[in-house]
Amino acid sequence: MKWPEYYTVRKMIYLLLVLNFTAFATAVLRRGVCDACLDSACYSKTQIFKDYPVSGQLAIDRKENLVYFHYEVSDSGRTFAFDLDDIRFLTIPDIEFSFAKTVDPTTGDVYIGGATGIYKYNPKTNVTSVYALNDKAIWNMQFKDVLYYTIVMNKGLNIYENKRSRSVTALNNFVVDDFIIDKRDNIYFMSNFTMYKLKKGDKYPSEFSNILYSLSTDVHGNAYFVQRESRGLYKIDYGTGRLVEMGAFGSGIPLKSVFDRLNNVIYYDAESSKLYYLVPNYAICKVKTETDILGKLKMKVSQI
């Protein structure tokens with residue numbers, strides 16, 4: 001890295017640290033602000049990162065409370081971790097571009113996928129090494145006992161274990177755009193603007209919804225779904241198997257999200273190109289569905 005670029009990046013990180021420390025310290029005092037309404041409770045948003053588009057998946061290490069993300073700058077980008085407890089950035093070495101990311105919750109190892117396969121980052125040694133499939137472009141990954149992954153523009157969902165790949169046979173005819181594996185080992189996935197569910201033990205997936213969602217799981221493995229246009233947040237009612245409304249984000253386009261160790265939401269707003277952390281401010285709120293000037297449904301958040 002050239003010195004001017006290095007200086008700019010260091011200066012940017014320093015300023016972000018100062019700004020975010022202030023924000024984290026004051027977030028719970030913003031009782032008059034309701035940036036999101038979840039389960040009738042108001043949440044204030046705290047800015048983690050801004051000014052540069054965040055590409056690919058977010059990943060969370062809940063033991064250490066680290067959120068991993070990649071941002072784009074100039075013709076390349078950088079992969080970072082942000083420590084939600086100590087309020088500091090950590091640079092992931094030897095990774096110029098990454099899209100897919102996931103964390104082994106037992107070891108804390110981070111699997112990072114991009115145009116040249118899968119890499120593994122060990123946060124204890126701060127070493128990144130080539131892991132597998134260096135001739136494949138990796139699109140999406142999840143770690144649930146084993147490593148699940150998809151390949152860019154290819155059909156199927158795959159498992160990598162013991163240095164071998166195998167496919168999830170039931171999904172061989174689907175291009176999987178996004179997926180999660182919940183606490184019951186059910187697979188929810190998006191394909192061609194439709195959401196499907198592959199229940200554990202079933203041979204074929206069933207259509208679950210024709211609305212476009214981004215997918216996530218919380219600290220307990222419960223399945224969550226964000227509808228970016230309406231800004232609604234939904235979860236699975238495991239008694240009925242249906243989607244139920246949990247609440248909504250107050251503004252922006254919530255494009256992707258993860259849940260930290262306290263089950264608070266970290267999300268990327270594609271409208272503002274900012275990464276936010278939601279913390280409760282203990283006010284009570286409600287969500288109302290309205291129609292905007294374009295005739296689209298929007299969820300409006302208001303404090304009671």
# chains A, B, ... in the order shown; residues from 1 in each chain; ligands from 1
call {"tool": "residues_around", "arguments": {"residues": "A:Asp269", "least_positions_apart": "4", "cutoff": "8 Å", "atoms": "only C-alpha atoms", "output": "PyMOL selection string"}}
result
chain A and resi 252-256+273-276
call {"tool": "residues_around", "arguments": {"residues": "A:Asp85", "least_positions_apart": "6", "cutoff": "9 Å", "atoms": "only C-alpha atoms", "output": "VMD selection string"}}
result
chain A and resid 64 to 66
call {"tool": "closest_residue", "arguments": {"among": "A:Asn126, A:Ile60, A:Cys34, A:Tyr71", "to": "A:Leu90", "atoms": "only C-alpha atoms"}}
result
A:Asn126
call {"tool": "closest_residue", "arguments": {"among": "A:Asp182, A:Met153, A:Leu133, A:Ser251", "to": "A:Ser165", "atoms": "only C-alpha atoms"}}
result
A:Leu133
call {"tool": "closest_residue", "arguments": {"among": "A:Val127, A:Ile95, A:Ala132, A:Leu58", "to": "A:Leu215", "atoms": "only C-alpha atoms"}}
result
A:Leu58
call {"tool": "residues_around", "arguments": {"residues": "A:Glu96", "least_positions_apart": "4", "cutoff": "12 Å", "atoms": "only C-alpha atoms", "output": "compact mmCIF listing (two decimals) with N, CA and C atoms, in the first residue's frame"}}
result
# COMPACT_ATOMS: atom_id res chain seq x y z
N MET A 1 0.84 -1.20 0.00
CA MET A 1 0.00 0.00 0.00
C MET A 1 0.88 1.25 0.00
N HIS A 70 -17.05 -6.38 4.16
CA HIS A 70 -16.12 -5.95 3.12
C HIS A 70 -16.64 -4.65 2.52
N TYR A 71 -15.75 -3.69 2.33
CA TYR A 71 -16.18 -2.45 1.69
C TYR A 71 -15.35 -2.19 0.45
N GLU A 72 -15.96 -1.47 -0.49
CA GLU A 72 -15.33 -1.20 -1.77
C GLU A 72 -14.73 0.21 -1.78
N VAL A 73 -13.49 0.31 -2.26
CA VAL A 73 -12.83 1.60 -2.40
C VAL A 73 -11.94 1.54 -3.63
N SER A 74 -12.04 2.57 -4.48
CA SER A 74 -11.29 2.62 -5.74
C SER A 74 -11.58 1.36 -6.55
N ASP A 75 -10.51 0.68 -6.97
CA ASP A 75 -10.68 -0.53 -7.79
C ASP A 75 -10.60 -1.81 -6.97
N SER A 76 -10.51 -1.68 -5.67
CA SER A 76 -10.40 -2.87 -4.83
C SER A 76 -11.29 -2.71 -3.61
N GLY A 77 -10.86 -3.23 -2.49
CA GLY A 77 -11.63 -3.12 -1.27
C GLY A 77 -10.86 -3.73 -0.12
N ARG A 78 -11.48 -3.73 1.04
CA ARG A 78 -10.84 -4.27 2.23
C ARG A 78 -11.87 -5.00 3.08
N THR A 79 -11.41 -6.04 3.74
CA THR A 79 -12.27 -6.78 4.64
C THR A 79 -11.88 -6.45 6.07
N PHE A 80 -12.87 -6.06 6.86
CA PHE A 80 -12.65 -5.63 8.24
C PHE A 80 -13.49 -6.45 9.20
N THR A 91 -8.27 -5.13 10.82
CA THR A 91 -8.07 -5.42 9.41
C THR A 91 -7.77 -6.90 9.21
N ILE A 92 -8.46 -7.52 8.26
CA ILE A 92 -8.20 -8.92 7.94
C ILE A 92 -7.07 -8.97 6.91
N ILE A 112 -13.92 -17.05 4.32
CA ILE A 112 -14.09 -15.89 3.45
C ILE A 112 -14.00 -16.35 2.01
N GLY A 113 -15.03 -16.07 1.22
CA GLY A 113 -15.07 -16.53 -0.15
C GLY A 113 -15.09 -15.37 -1.13
N GLY A 114 -14.50 -15.58 -2.29
CA GLY A 114 -14.47 -14.56 -3.32
C GLY A 114 -14.23 -15.20 -4.67
N ALA A 115 -13.55 -14.46 -5.54
CA ALA A 115 -13.35 -14.92 -6.92
C ALA A 115 -12.37 -16.08 -7.02
N THR A 116 -11.56 -16.28 -6.00
CA THR A 116 -10.55 -17.35 -6.05
C THR A 116 -10.73 -18.33 -4.90
N TYR A 119 -11.05 -18.84 1.67
CA TYR A 119 -9.91 -18.63 2.57
C TYR A 119 -10.39 -18.81 4.01
N THR A 128 -4.40 -15.39 7.56
CA THR A 128 -5.35 -15.82 6.53
C THR A 128 -4.65 -16.82 5.62
call {"tool": "residues_around", "arguments": {"residues": "A:Gln227", "least_positions_apart": "2", "cutoff": "12 Å", "atoms": "only C-alpha atoms", "output": "ChimeraX atom specification"}}
result
/A:195,209-216,224-225,229-235,243,245-249,252-257,297-299
call {"tool": "atom_distance", "arguments": {"atom1": "atom CA of A:Pro205", "atom2": "atom CA of A:Gly241"}}
result
14.4 Å
call {"tool": "select_by_dssp", "arguments": {"residues": "stretch 25-86 of chain A", "states": "helix (DSSP H, G or I)", "output": "short mmCIF file (atom, residue, chain, number, x, y, z; two decimals) with N, CA, C and O atoms, in the first residue's frame"}}
result
data_model
loop_
_atom_site.label_atom_id
_atom_site.label_comp_id
_atom_site.auth_asym_id
_atom_site.auth_seq_id
_atom_site.Cartn_x
_atom_site.Cartn_y
_atom_site.Cartn_z
N ALA A 25 -21.80 5.52 23.13
CA ALA A 25 -21.97 6.00 24.50
C ALA A 25 -23.27 6.75 24.70
O ALA A 25 -23.81 6.80 25.80
N THR A 26 -23.78 7.36 23.63
CA THR A 26 -24.98 8.19 23.76
C THR A 26 -26.24 7.56 23.21
O THR A 26 -27.33 8.09 23.39
N ALA A 27 -26.12 6.39 22.57
CA ALA A 27 -27.27 5.81 21.87
C ALA A 27 -28.45 5.56 22.81
O ALA A 27 -29.60 5.82 22.47
N VAL A 28 -28.16 5.01 24.00
CA VAL A 28 -29.25 4.67 24.90
C VAL A 28 -29.95 5.90 25.47
O VAL A 28 -31.01 5.80 26.06
N LEU A 29 -29.34 7.07 25.29
CA LEU A 29 -29.95 8.29 25.80
C LEU A 29 -30.91 8.92 24.79
O LEU A 29 -31.62 9.86 25.13
#
call {"tool": "residues_around", "arguments": {"residues": "A:Asn134", "least_positions_apart": "3", "cutoff": "8 Å", "atoms": "only C-alpha atoms", "output": "PDB file with all heavy atoms, in the first residue's frame"}}
result
ATOM      1  N   THR A 116     -11.563 -16.278  -6.004  1.00  0.00           N
ATOM      2  CA  THR A 116     -10.554 -17.348  -6.055  1.00  0.00           C
ATOM      3  C   THR A 116     -10.728 -18.334  -4.903  1.00  0.00           C
ATOM      4  O   THR A 116      -9.769 -18.701  -4.223  1.00  0.00           O
ATOM      5  CB  THR A 116      -9.134 -16.757  -6.031  1.00  0.00           C
ATOM      6  OG1 THR A 116      -8.995 -15.909  -4.863  1.00  0.00           O
ATOM      7  CG2 THR A 116      -8.864 -15.937  -7.275  1.00  0.00           C
ATOM      8  N   GLY A 117     -11.943 -18.753  -4.674  1.00  0.00           N
ATOM      9  CA  GLY A 117     -12.196 -19.801  -3.705  1.00  0.00           C
ATOM     10  C   GLY A 117     -12.443 -19.333  -2.290  1.00  0.00           C
ATOM     11  O   GLY A 117     -12.851 -18.198  -2.050  1.00  0.00           O
ATOM     12  N   ILE A 118     -12.159 -20.220  -1.347  1.00  0.00           N
ATOM     13  CA  ILE A 118     -12.434 -19.986   0.072  1.00  0.00           C
ATOM     14  C   ILE A 118     -11.122 -19.858   0.838  1.00  0.00           C
ATOM     15  O   ILE A 118     -10.209 -20.677   0.676  1.00  0.00           O
ATOM     16  CB  ILE A 118     -13.272 -21.135   0.669  1.00  0.00           C
ATOM     17  CG1 ILE A 118     -14.602 -21.283  -0.091  1.00  0.00           C
ATOM     18  CG2 ILE A 118     -13.545 -20.887   2.154  1.00  0.00           C
ATOM     19  CD1 ILE A 118     -15.402 -22.506   0.316  1.00  0.00           C
ATOM     20  N   VAL A 130      -5.164 -20.005   2.382  1.00  0.00           N
ATOM     21  CA  VAL A 130      -6.020 -20.625   1.376  1.00  0.00           C
ATOM     22  C   VAL A 130      -6.647 -21.878   1.988  1.00  0.00           C
ATOM     23  O   VAL A 130      -5.969 -22.691   2.617  1.00  0.00           O
ATOM     24  CB  VAL A 130      -5.207 -20.995   0.121  1.00  0.00           C
ATOM     25  CG1 VAL A 130      -6.082 -21.741  -0.880  1.00  0.00           C
ATOM     26  CG2 VAL A 130      -4.615 -19.746  -0.511  1.00  0.00           C
ATOM     27  N   ALA A 137     -15.631 -19.289  -7.894  1.00  0.00           N
ATOM     28  CA  ALA A 137     -16.051 -17.989  -7.359  1.00  0.00           C
ATOM     29  C   ALA A 137     -17.206 -18.236  -6.397  1.00  0.00           C
ATOM     30  O   ALA A 137     -18.283 -18.695  -6.807  1.00  0.00           O
ATOM     31  CB  ALA A 137     -16.480 -17.056  -8.485  1.00  0.00           C
TER      32      ALA A 137
END
call {"tool": "select_by_dssp", "arguments": {"residues": "stretch 79-243 of chain A", "states": "strand (DSSP E)", "output": "short mmCIF file (atom, residue, chain, number, x, y, z; two decimals) with N, CA, C and O atoms, in the first residue's frame"}}
result
data_model
loop_
_atom_site.label_atom_id
_atom_site.label_comp_id
_atom_site.auth_asym_id
_atom_site.auth_seq_id
_atom_site.Cartn_x
_atom_site.Cartn_y
_atom_site.Cartn_z
N THR A 79 -11.41 -6.04 3.74
CA THR A 79 -12.27 -6.78 4.64
C THR A 79 -11.88 -6.45 6.07
O THR A 79 -10.70 -6.52 6.44
N PHE A 80 -12.87 -6.06 6.86
CA PHE A 80 -12.65 -5.63 8.24
C PHE A 80 -13.49 -6.45 9.20
O PHE A 80 -14.49 -7.07 8.82
N ALA A 81 -13.09 -6.40 10.45
CA ALA A 81 -13.96 -6.80 11.55
C ALA A 81 -14.14 -5.57 12.43
O ALA A 81 -13.23 -4.76 12.57
N PHE A 82 -15.34 -5.42 12.97
CA PHE A 82 -15.57 -4.34 13.92
C PHE A 82 -15.94 -4.97 15.26
O PHE A 82 -16.87 -5.79 15.35
N ASP A 83 -15.19 -4.60 16.30
CA ASP A 83 -15.40 -5.12 17.64
C ASP A 83 -16.50 -4.31 18.32
O ASP A 83 -16.30 -3.13 18.64
N ARG A 88 -13.61 -0.94 18.04
CA ARG A 88 -12.39 -0.79 17.25
C ARG A 88 -12.47 -1.64 15.98
O ARG A 88 -13.19 -2.65 15.94
N PHE A 89 -11.75 -1.20 14.95
CA PHE A 89 -11.67 -1.92 13.70
C PHE A 89 -10.46 -2.85 13.70
O PHE A 89 -9.41 -2.51 14.24
N LEU A 90 -10.62 -4.01 13.06
CA LEU A 90 -9.54 -4.95 12.89
C LEU A 90 -9.45 -5.28 11.40
O LEU A 90 -10.44 -5.67 10.78
N THR A 91 -8.27 -5.13 10.82
CA THR A 91 -8.07 -5.42 9.41
C THR A 91 -7.77 -6.90 9.21
O THR A 91 -6.93 -7.46 9.90
N ALA A 100 -18.46 -13.70 0.12
CA ALA A 100 -19.09 -14.60 1.08
C ALA A 100 -18.29 -14.63 2.38
O ALA A 100 -17.06 -14.62 2.36
N LYS A 101 -19.01 -14.67 3.51
CA LYS A 101 -18.35 -14.73 4.82
C LYS A 101 -19.21 -15.50 5.79
O LYS A 101 -20.43 -15.34 5.81
N THR A 102 -18.58 -16.29 6.62
CA THR A 102 -19.30 -16.97 7.69
C THR A 102 -18.30 -17.35 8.78
O THR A 102 -17.09 -17.41 8.54
N VAL A 103 -18.80 -17.60 9.98
CA VAL A 103 -17.95 -17.88 11.14
C VAL A 103 -18.32 -19.23 11.74
O VAL A 103 -19.51 -19.55 11.91
N VAL A 110 -12.94 -17.77 10.60
CA VAL A 110 -13.77 -17.07 9.64
C VAL A 110 -13.48 -17.62 8.25
O VAL A 110 -12.32 -17.67 7.83
N TYR A 111 -14.53 -18.02 7.55
CA TYR A 111 -14.40 -18.50 6.17
C TYR A 111 -14.81 -17.36 5.24
O TYR A 111 -15.90 -16.79 5.38
N ILE A 112 -13.92 -17.05 4.32
CA ILE A 112 -14.09 -15.89 3.45
C ILE A 112 -14.00 -16.35 2.01
O ILE A 112 -13.01 -16.97 1.60
N GLY A 113 -15.03 -16.07 1.22
CA GLY A 113 -15.07 -16.53 -0.15
C GLY A 113 -15.09 -15.37 -1.13
O GLY A 113 -15.64 -14.30 -0.85
N GLY A 114 -14.50 -15.58 -2.29
CA GLY A 114 -14.47 -14.56 -3.32
C GLY A 114 -14.23 -15.20 -4.67
O GLY A 114 -14.63 -16.34 -4.92
N GLY A 117 -11.94 -18.75 -4.67
CA GLY A 117 -12.20 -19.80 -3.70
C GLY A 117 -12.44 -19.33 -2.29
O GLY A 117 -12.85 -18.20 -2.05
N ILE A 118 -12.16 -20.22 -1.35
CA ILE A 118 -12.43 -19.99 0.07
C ILE A 118 -11.12 -19.86 0.84
O ILE A 118 -10.21 -20.68 0.68
N TYR A 119 -11.05 -18.84 1.67
CA TYR A 119 -9.91 -18.63 2.57
C TYR A 119 -10.39 -18.81 4.01
O TYR A 119 -11.58 -18.65 4.31
N LYS A 120 -9.47 -19.13 4.88
CA LYS A 120 -9.80 -19.24 6.31
C LYS A 120 -8.93 -18.28 7.10
O LYS A 120 -7.70 -18.29 6.98
N TYR A 121 -9.59 -17.47 7.90
CA TYR A 121 -8.90 -16.50 8.76
C TYR A 121 -8.97 -16.96 10.20
O TYR A 121 -10.06 -17.22 10.73
N ASN A 122 -7.81 -17.06 10.84
CA ASN A 122 -7.73 -17.42 12.25
C ASN A 122 -7.52 -16.14 13.06
O ASN A 122 -6.43 -15.56 13.04
N VAL A 127 -3.93 -14.77 10.98
CA VAL A 127 -3.38 -15.33 9.74
C VAL A 127 -4.52 -15.77 8.83
O VAL A 127 -5.46 -16.44 9.29
N THR A 128 -4.40 -15.39 7.56
CA THR A 128 -5.35 -15.82 6.53
C THR A 128 -4.65 -16.82 5.62
O THR A 128 -3.54 -16.55 5.14
N SER A 129 -5.29 -17.95 5.36
CA SER A 129 -4.68 -18.98 4.52
C SER A 129 -5.69 -19.49 3.50
O SER A 129 -6.91 -19.42 3.71
N VAL A 130 -5.16 -20.00 2.38
CA VAL A 130 -6.02 -20.63 1.38
C VAL A 130 -6.65 -21.88 1.99
O VAL A 130 -5.97 -22.69 2.62
N TYR A 131 -7.96 -22.02 1.79
CA TYR A 131 -8.67 -23.15 2.41
C TYR A 131 -9.12 -24.18 1.38
O TYR A 131 -8.86 -25.37 1.52
N ALA A 132 -9.84 -23.73 0.32
CA ALA A 132 -10.39 -24.70 -0.62
C ALA A 132 -10.93 -24.02 -1.87
O ALA A 132 -11.18 -22.80 -1.88
N ILE A 138 -16.98 -17.94 -5.14
CA ILE A 138 -17.95 -18.27 -4.08
C ILE A 138 -18.92 -17.11 -3.87
O ILE A 138 -18.50 -15.96 -3.69
N TRP A 139 -20.20 -17.43 -3.85
CA TRP A 139 -21.24 -16.41 -3.75
C TRP A 139 -21.77 -16.22 -2.33
O TRP A 139 -21.98 -15.11 -1.88
N ASN A 140 -22.01 -17.31 -1.63
CA ASN A 140 -22.67 -17.23 -0.33
C ASN A 140 -22.21 -18.40 0.53
O ASN A 140 -21.96 -19.49 0.00
N MET A 141 -22.10 -18.19 1.84
CA MET A 141 -21.71 -19.28 2.74
C MET A 141 -22.46 -19.17 4.07
O MET A 141 -22.83 -18.08 4.51
N GLN A 142 -22.66 -20.31 4.69
CA GLN A 142 -23.16 -20.40 6.05
C GLN A 142 -22.45 -21.57 6.73
O GLN A 142 -22.20 -22.61 6.08
N PHE A 143 -22.15 -21.41 8.02
CA PHE A 143 -21.56 -22.51 8.78
C PHE A 143 -22.59 -23.00 9.79
O PHE A 143 -22.98 -22.28 10.70
N LYS A 144 -23.04 -24.23 9.57
CA LYS A 144 -23.98 -24.88 10.50
C LYS A 144 -23.52 -26.32 10.66
O LYS A 144 -23.90 -27.20 9.91
N VAL A 146 -21.26 -27.83 9.52
CA VAL A 146 -20.31 -27.94 8.40
C VAL A 146 -20.45 -26.67 7.56
O VAL A 146 -21.32 -25.83 7.80
N LEU A 147 -19.58 -26.53 6.56
CA LEU A 147 -19.57 -25.34 5.73
C LEU A 147 -20.44 -25.53 4.48
O LEU A 147 -20.18 -26.42 3.67
N TYR A 148 -21.47 -24.70 4.35
CA TYR A 148 -22.33 -24.69 3.18
C TYR A 148 -21.91 -23.52 2.29
O TYR A 148 -21.57 -22.43 2.79
N TYR A 149 -21.98 -23.72 0.97
CA TYR A 149 -21.59 -22.64 0.08
C TYR A 149 -22.31 -22.75 -1.26
O TYR A 149 -22.79 -23.83 -1.65
N THR A 150 -22.38 -21.62 -1.97
CA THR A 150 -22.87 -21.60 -3.34
C THR A 150 -21.81 -20.98 -4.24
O THR A 150 -20.94 -20.23 -3.77
N ILE A 151 -21.88 -21.30 -5.51
CA ILE A 151 -20.94 -20.80 -6.51
C ILE A 151 -21.65 -19.81 -7.42
O ILE A 151 -22.81 -20.02 -7.79
N ASN A 158 -23.98 -26.47 -1.83
CA ASN A 158 -22.94 -27.48 -1.60
C ASN A 158 -22.47 -27.47 -0.15
O ASN A 158 -22.59 -26.47 0.56
N ILE A 159 -21.89 -28.59 0.24
CA ILE A 159 -21.29 -28.75 1.55
C ILE A 159 -19.82 -29.11 1.36
O ILE A 159 -19.50 -29.98 0.55
N TYR A 160 -18.95 -28.42 2.10
CA TYR A 160 -17.52 -28.76 2.08
C TYR A 160 -17.14 -29.32 3.44
O TYR A 160 -17.26 -28.66 4.47
N GLU A 161 -16.67 -30.57 3.43
CA GLU A 161 -16.31 -31.25 4.68
C GLU A 161 -15.24 -32.28 4.40
O GLU A 161 -15.31 -33.01 3.41
N ARG A 164 -13.65 -32.43 0.94
CA ARG A 164 -14.48 -32.87 -0.18
C ARG A 164 -15.77 -32.06 -0.23
O ARG A 164 -16.28 -31.63 0.80
N SER A 165 -16.28 -31.89 -1.46
CA SER A 165 -17.55 -31.21 -1.66
C SER A 165 -18.63 -32.23 -2.03
O SER A 165 -18.36 -33.22 -2.73
N ARG A 166 -19.82 -31.97 -1.55
CA ARG A 166 -20.99 -32.74 -1.98
C ARG A 166 -22.17 -31.77 -2.06
O ARG A 166 -22.18 -30.73 -1.42
N SER A 167 -23.14 -32.13 -2.85
CA SER A 167 -24.27 -31.23 -3.06
C SER A 167 -25.45 -31.61 -2.17
O SER A 167 -25.59 -32.78 -1.76
N ASP A 178 -29.59 -16.58 -2.01
CA ASP A 178 -29.34 -16.33 -0.59
C ASP A 178 -29.94 -17.50 0.16
O ASP A 178 -30.93 -18.10 -0.27
N PHE A 179 -29.34 -17.85 1.31
CA PHE A 179 -29.90 -18.97 2.08
C PHE A 179 -29.49 -18.87 3.54
O PHE A 179 -28.50 -18.22 3.89
N ILE A 180 -30.27 -19.52 4.39
CA ILE A 180 -29.95 -19.69 5.80
C ILE A 180 -30.34 -21.10 6.22
O ILE A 180 -31.15 -21.75 5.56
N ILE A 181 -29.76 -21.55 7.32
CA ILE A 181 -30.12 -22.84 7.91
C ILE A 181 -30.51 -22.55 9.35
O ILE A 181 -29.70 -22.02 10.12
N ILE A 187 -33.75 -25.39 5.61
CA ILE A 187 -33.04 -24.45 4.74
C ILE A 187 -34.07 -23.54 4.06
O ILE A 187 -34.98 -24.03 3.39
N TYR A 188 -33.94 -22.25 4.29
CA TYR A 188 -34.73 -21.26 3.57
C TYR A 188 -33.81 -20.61 2.54
O TYR A 188 -32.68 -20.24 2.86
N PHE A 189 -34.30 -20.48 1.32
CA PHE A 189 -33.43 -19.90 0.30
C PHE A 189 -34.24 -19.12 -0.73
O PHE A 189 -35.43 -19.39 -0.97
N MET A 190 -33.57 -18.11 -1.30
CA MET A 190 -34.14 -17.30 -2.36
C MET A 190 -33.62 -17.82 -3.70
O MET A 190 -32.43 -18.09 -3.85
N SER A 191 -34.53 -17.94 -4.68
CA SER A 191 -34.16 -18.34 -6.03
C SER A 191 -35.15 -17.71 -7.00
O SER A 191 -36.37 -17.92 -6.86
N THR A 194 -38.11 -15.78 -5.57
CA THR A 194 -39.06 -16.57 -4.79
C THR A 194 -38.33 -17.21 -3.62
O THR A 194 -37.19 -17.64 -3.76
N MET A 195 -38.99 -17.27 -2.47
CA MET A 195 -38.39 -17.92 -1.31
C MET A 195 -38.96 -19.34 -1.18
O MET A 195 -40.17 -19.54 -1.29
N TYR A 196 -38.05 -20.28 -0.90
CA TYR A 196 -38.41 -21.68 -0.74
C TYR A 196 -37.96 -22.16 0.64
O TYR A 196 -37.05 -21.59 1.26
N LYS A 197 -38.58 -23.26 1.04
CA LYS A 197 -38.18 -23.91 2.29
C LYS A 197 -37.92 -25.38 2.01
O LYS A 197 -38.75 -26.07 1.42
N LEU A 198 -36.74 -25.85 2.42
CA LEU A 198 -36.44 -27.28 2.39
C LEU A 198 -36.44 -27.76 3.83
O LEU A 198 -35.49 -27.52 4.59
N SER A 206 -40.36 -26.61 -0.89
CA SER A 206 -41.69 -26.07 -1.18
C SER A 206 -41.61 -24.56 -1.27
O SER A 206 -40.81 -23.92 -0.58
N GLU A 207 -42.45 -23.97 -2.12
CA GLU A 207 -42.48 -22.52 -2.23
C GLU A 207 -43.04 -21.92 -0.95
O GLU A 207 -44.08 -22.36 -0.45
N PHE A 208 -42.33 -20.93 -0.43
CA PHE A 208 -42.71 -20.35 0.86
C PHE A 208 -43.28 -18.95 0.73
O PHE A 208 -44.18 -18.56 1.46
N SER A 209 -42.73 -18.15 -0.19
CA SER A 209 -43.21 -16.78 -0.39
C SER A 209 -42.72 -16.27 -1.74
O SER A 209 -41.64 -16.65 -2.20
N SER A 214 -34.26 -10.56 2.38
CA SER A 214 -32.92 -10.97 2.77
C SER A 214 -33.05 -11.79 4.05
O SER A 214 -33.95 -11.55 4.86
N LEU A 215 -32.16 -12.75 4.23
CA LEU A 215 -32.35 -13.78 5.25
C LEU A 215 -31.27 -13.71 6.32
O LEU A 215 -30.13 -13.35 6.04
N SER A 216 -31.66 -14.08 7.55
CA SER A 216 -30.70 -14.08 8.65
C SER A 216 -31.20 -15.02 9.74
O SER A 216 -32.36 -15.43 9.74
N THR A 217 -30.30 -15.37 10.67
CA THR A 217 -30.69 -16.13 11.85
C THR A 217 -30.19 -15.42 13.09
O THR A 217 -29.13 -14.77 13.07
N ALA A 223 -35.15 -18.17 12.38
CA ALA A 223 -35.06 -17.60 11.04
C ALA A 223 -35.75 -16.23 10.98
O ALA A 223 -36.87 -16.08 11.47
N TYR A 224 -35.05 -15.26 10.38
CA TYR A 224 -35.57 -13.90 10.22
C TYR A 224 -35.48 -13.47 8.76
O TYR A 224 -34.60 -13.93 8.02
N PHE A 225 -36.38 -12.55 8.39
CA PHE A 225 -36.50 -12.13 7.01
C PHE A 225 -36.75 -10.62 6.96
O PHE A 225 -37.63 -10.11 7.65
N VAL A 226 -35.96 -9.92 6.15
CA VAL A 226 -36.11 -8.47 5.98
C VAL A 226 -36.67 -8.20 4.59
O VAL A 226 -36.12 -8.68 3.59
N GLN A 227 -37.77 -7.41 4.54
CA GLN A 227 -38.34 -7.00 3.27
C GLN A 227 -37.85 -5.59 3.00
O GLN A 227 -38.26 -4.63 3.65
N GLY A 232 -39.92 -4.01 6.48
CA GLY A 232 -40.45 -4.88 7.52
C GLY A 232 -39.49 -5.98 7.92
O GLY A 232 -38.71 -6.48 7.10
N LEU A 233 -39.53 -6.36 9.19
CA LEU A 233 -38.74 -7.47 9.72
C LEU A 233 -39.70 -8.55 10.19
O LEU A 233 -40.62 -8.28 10.97
N TYR A 234 -39.49 -9.77 9.71
CA TYR A 234 -40.37 -10.88 10.02
C TYR A 234 -39.56 -12.04 10.59
O TYR A 234 -38.35 -12.14 10.39
N LYS A 235 -40.25 -12.93 11.28
CA LYS A 235 -39.60 -14.12 11.80
C LYS A 235 -40.55 -15.31 11.66
O LYS A 235 -41.76 -15.14 11.42
N ILE A 236 -39.99 -16.50 11.82
CA ILE A 236 -40.80 -17.71 11.74
C ILE A 236 -41.46 -17.97 13.09
O ILE A 236 -40.81 -17.94 14.13
N ASP A 237 -42.78 -18.19 13.07
CA ASP A 237 -43.48 -18.70 14.23
C ASP A 237 -43.35 -20.22 14.18
O ASP A 237 -43.95 -20.87 13.32
N ARG A 242 -45.35 -20.26 10.09
CA ARG A 242 -45.64 -19.12 9.24
C ARG A 242 -44.79 -17.90 9.61
O ARG A 242 -44.25 -17.81 10.71
N LEU A 243 -44.71 -16.96 8.66
CA LEU A 243 -44.05 -15.69 8.92
C LEU A 243 -44.93 -14.80 9.77
O LEU A 243 -46.14 -14.68 9.51
#
call {"tool": "closest_residue", "arguments": {"among": "A:Ser44, A:Asn162, A:Asn186, A:Asn154", "to": "A:Val265", "atoms": "only C-alpha atoms"}}
result
A:Ser44
call {"tool": "atom_distance", "arguments": {"atom1": "atom CA of A:Thr289", "atom2": "atom CA of A:Gly250"}}
result
11.6 Å
call {"tool": "residues_around", "arguments": {"residues": "A:Val287", "least_positions_apart": "4", "cutoff": "9 Å", "atoms": "only C-alpha atoms", "output": "ChimeraX atom specification"}}
result
/A:37-38,40,247-248,299-303
call {"tool": "write_last_selection", "arguments": {"atoms": "N, CA and C atoms", "output": "compact mmCIF listing (two decimals), in the first residue's frame"}}
result
# COMPACT_ATOMS: atom_id res chain seq x y z
N CYS A 37 -38.58 -0.21 15.19
CA CYS A 37 -39.55 -0.68 16.19
C CYS A 37 -39.60 -2.20 16.08
N LEU A 38 -39.09 -2.89 17.09
CA LEU A 38 -39.03 -4.34 17.08
C LEU A 38 -39.71 -4.88 18.33
N SER A 40 -42.45 -4.00 19.53
CA SER A 40 -43.04 -2.83 20.21
C SER A 40 -42.04 -2.03 21.04
N GLY A 247 -41.55 -6.31 13.38
CA GLY A 247 -41.43 -4.86 13.45
C GLY A 247 -40.93 -4.30 12.14
N ALA A 248 -40.26 -3.16 12.21
CA ALA A 248 -39.80 -2.50 10.99
C ALA A 248 -38.67 -1.54 11.29
N MET A 299 -43.71 0.55 5.81
CA MET A 299 -44.02 0.46 7.22
C MET A 299 -43.50 1.71 7.92
N LYS A 300 -44.37 2.37 8.63
CA LYS A 300 -44.02 3.60 9.33
C LYS A 300 -43.88 3.32 10.82
N VAL A 301 -42.76 3.74 11.37
CA VAL A 301 -42.46 3.52 12.78
C VAL A 301 -42.74 4.81 13.54
N SER A 302 -43.43 4.68 14.68
CA SER A 302 -43.70 5.87 15.51
C SER A 302 -43.67 5.49 16.98
N GLN A 303 -43.21 6.42 17.79
CA GLN A 303 -43.13 6.21 19.22
C GLN A 303 -44.48 6.50 19.86
